[in-house]
Structures are given as C-alpha cells and as structure tokens.
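**Q** Please see the structure below; I have some questions.
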Amino acid sequence: MLDQIAGFFRLIGRTIARGARIFFAWAFWPFIAARGWYVKRTWMVRLPILGLVGLLAILYCYFIWQTQVWSGFNPSFVSEYKLSERKVAAGQELPSTDVAATAKTCQRSAIVDVAADLTDFNVNQNAWISSMLLYRLGFFGIDWDHTPFLDNKASFQRGVNQAVRRTSIELVDTLGRVRGTSGINNDLQKARGNLQFDEYSWYFGLDPFGPKTPTPSYYRSALESLRKFNTDLAACNAIFDGRADNLIQFIDRIANDLGSTSDVLADRSQNHHRGWFDTRADDRFWFAYGQLYAYYAILVAAQSDFSQVVAERNLGAIFAATTRQFQAALRIQPAIISNGREDGWIMPSHLATMGFYILRVRSNLVEIRSVLDR
C-alpha cells in the first residue's frame, strides 16, 4: 500500500516536472534561438546588437524605477497649506497691514493652487508614466494595463488628472468669471485646453505626420497658466466668483464624477471577481484612489475659497464629516489588489471596499448640495 502511494506521488512529481520543462521551453525558446543566431555573427553585427540590448536594459531599469517610486506621495498634503488660517474667501481683498501701501492685494484661490500642485506632482516630481516609450510598447506587445505589473502608478496619475481636468472646466465656466457679465479668463482657458490633451502621447505616434509634443509638456503649460491666474488674482486683476450657486455646481460635478467611477468599480467587482488573478482590478482601484487623492485636497481647498458661503450656511460640520470619509478611503493602500467575491472568505474584495467609501463620500457631497440649495 505504501509503495502504491509513493508511486502515485512520484508520478505526480514527474508530471509536474515535465509540465515545467515544457512551459520553460515554450517561454524561453525565442531567447535561445536568438542566442544561437547571435553567436554565429561577426563582431560587426554583434556590437550594434549588444549596444541596443544594453540601451534597452538601461531604459527598463529607469522605467521600473519610475513606476515603483512615487515621489511626493502624501494623501494629507493639503494640510501643508494651512487653509484653516485663512480668514478671507478667494478673490476678496485682503486687509492691508501697511498704511502706506497703495496697491491692493486679494486672496489667492486654494483650488487653483491645489490643482497646479497636483499637476506638478504628476509631471515634474514624477515621470508621467502613461506616455513613456516602454509603457506604450507594453509587455511583449500586451498593454501594461492588461497585466498585473508596473501599471498602478499610471492608473493613479490618470485618476488625479481626471479630477484636475474636471476642476479646470469648472474654473473656466463658472468659478473664474462672473457668469453673464464677464468673459472667460484666458489663462484658465489655456489650462483647460492643455489638461484635456491625450494622456498617452509620446514624441512619435502611429500617424505618419512626424514628431509630436509629448503629454507632459502640455500639462506643464497648464501648470504655468494656473499659477499665472493665481498671481493675477492675488493682484486683484482676475475674478473668483465665490457664490453659493457656483459651489453647488462644483459639488455636483465632483459627485457625478465619483458616481461614474463607483459604477465602474461595481461592474468590475460584480462581473469579474477573480480575486488576485483579475489583472484589471489594480487599474480600477488605483484610478479611483487617484481621484479621491485629488478631490480630497480640492474639496478642502473649496471649503477655504468659499469660506463665506460655508459660514453663512453652517456647512462646517458637514465638510468636516466629508473630509473624514476621504481620509478613511485614502488609508486603504493594499500591496496587491484583489477582486474577490463580496461574500468570499479567502480573497478580499478591495474594489467593493473602495466603491463603498466612494459612495459614502458622494452621499456627503449630496448632503452639502441639498443644504446649499435650500
């Protein structure tokens, strides 16, 4: 009996070993064939190939480094602005401390400062991953977003950028002008146009019409335009319209944007729950995380910019509750994203958890909107 059991396990071992040999032979035969071809060539052929391989090795090391190191990442970075110390709403004249001063100064917009700094974080403090050459080439031709490797930072950056894009639209349409009586601010218009640019553009694309300007250059131009607007606002040469109806519309846009992301998470969670083997779960999770990361700072900035409205409508407690929901969501930072069943007991459901927090945040935003609309 023992001999039969031992024989059974030996058979299993031989089967596994044979399967492993077949797998590795299939996986590595292109490299083995390339090596056989390479050693038969002269040095005139070998040296350029060796140089190309070395260049690719350097590029991949740099690419891997950029995808794994998140410079400046700090979910609570908005606290560094000390917005609670501001006593004047955005665009309002600041009381002068110099009796001899003749030039007026106005309060900068915290929303614009945060949007500019988030863009700086995306393209200056870090490399913009989505338009890097090796990201566009993919993993042996497979889009990195369809693999479980090296795409979390790219998804996070696109989530941040989505929030900044939406904010730039509202700055142009409502916040940076008096509706019906003033024109669109040129700097905000330029920023909005540049932030809408394709997130994946490199120097060369699939079209045959020559080199292009890569994505990060457009976003850096948007960053300059945002900062120029705030400089003009501080000199009282621009407008920030901090009315309650503008805050209502801004809150609506944020709530709708988060609602769309919640739907995407719910669809993935309900229809593709393959646990740790769902290669798209990490993309969905980190995109949502990036949105929350940005909107958390933007909403705290909005509370400061609309401080007069917040005080008049007694919204301080609701805003505080909303920021706590953001903070709770941003504390979820799993090393590996799992999209398990909601009633599963082995593999967690990180997408369902993130979707739950997004809905709680959105519920608070709806409550703020209903108080403003009374």
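Identifiers in the structure tokens: chain A, B, ... in order shown; residue index from 1 per chain; ligand index from 1 in order shown.
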If you count only C-alpha atoms, which residues fall within 10 Å of Phe149 (chain A), apart from same-chain ones fewer than 4 positions away, as a compact mmCIF listing (two decimals) with N, CA, C and O atoms, in the first residue's frame?
**A**
# COMPACT_ATOMS: atom_id res chain seq x y z
N ILE A 64 11.22 50.87 -14.68
CA ILE A 64 10.79 50.15 -13.48
C ILE A 64 10.94 51.05 -12.25
O ILE A 64 10.06 51.10 -11.38
N THR A 67 8.13 53.62 -12.16
CA THR A 67 6.81 53.07 -11.84
C THR A 67 6.69 52.66 -10.38
O THR A 67 5.57 52.59 -9.85
N PHE A 139 4.06 45.02 -22.59
CA PHE A 139 4.79 43.83 -22.15
C PHE A 139 4.70 42.79 -23.26
O PHE A 139 3.70 42.10 -23.41
N TRP A 144 0.25 47.32 -20.87
CA TRP A 144 0.57 47.16 -19.45
C TRP A 144 -0.68 47.15 -18.58
O TRP A 144 -0.72 46.49 -17.53
N ASP A 145 -1.73 47.88 -19.01
CA ASP A 145 -2.97 47.90 -18.24
C ASP A 145 -3.65 46.54 -18.19
O ASP A 145 -4.52 46.31 -17.34
N THR A 279 -6.45 40.86 -13.55
CA THR A 279 -5.33 41.75 -13.90
C THR A 279 -5.78 43.19 -14.13
O THR A 279 -4.92 44.08 -14.25
N ASP A 282 -6.38 46.15 -10.34
CA ASP A 282 -5.48 47.17 -9.82
C ASP A 282 -5.63 48.48 -10.56
O ASP A 282 -5.53 49.56 -9.96
**Q** Nearest residue to Leu226 (chain A) out of A:Ala110, A:Ala335, A:Leu258, A:Ala116, using only C-alpha atoms?
**A**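 For Leu226 (chain A), the nearest of the given residues is A:Ala116.
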**Q** Using only C-alpha atoms, which protein or nucleic acid residues come within 6 Å of Pro214 (chain A)? Drop anything in the same chain fewer than 5 positions from it, and give the result as number ranges by chain.
**A** A: 201-203
**Q** Write out as a ChimeraX atom specification all residues of region 22-170 of chain A that backbone DSSP assigns to helix (DSSP H, G or I).
**A** /A:22-39,43-68,77-81,83-85,110-123,129-131,133-137,144-146,152-170
**Q** Compare A:Glu199, A:Asp232, A:Asp187, A:Asp151 by their minimum atom-to-atom distance to Thr105 (chain A), counting only C-alpha atoms, and give me the closest one.
**A**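 Distance minimum relative to Thr105 (chain A) lands on A:Asp232.
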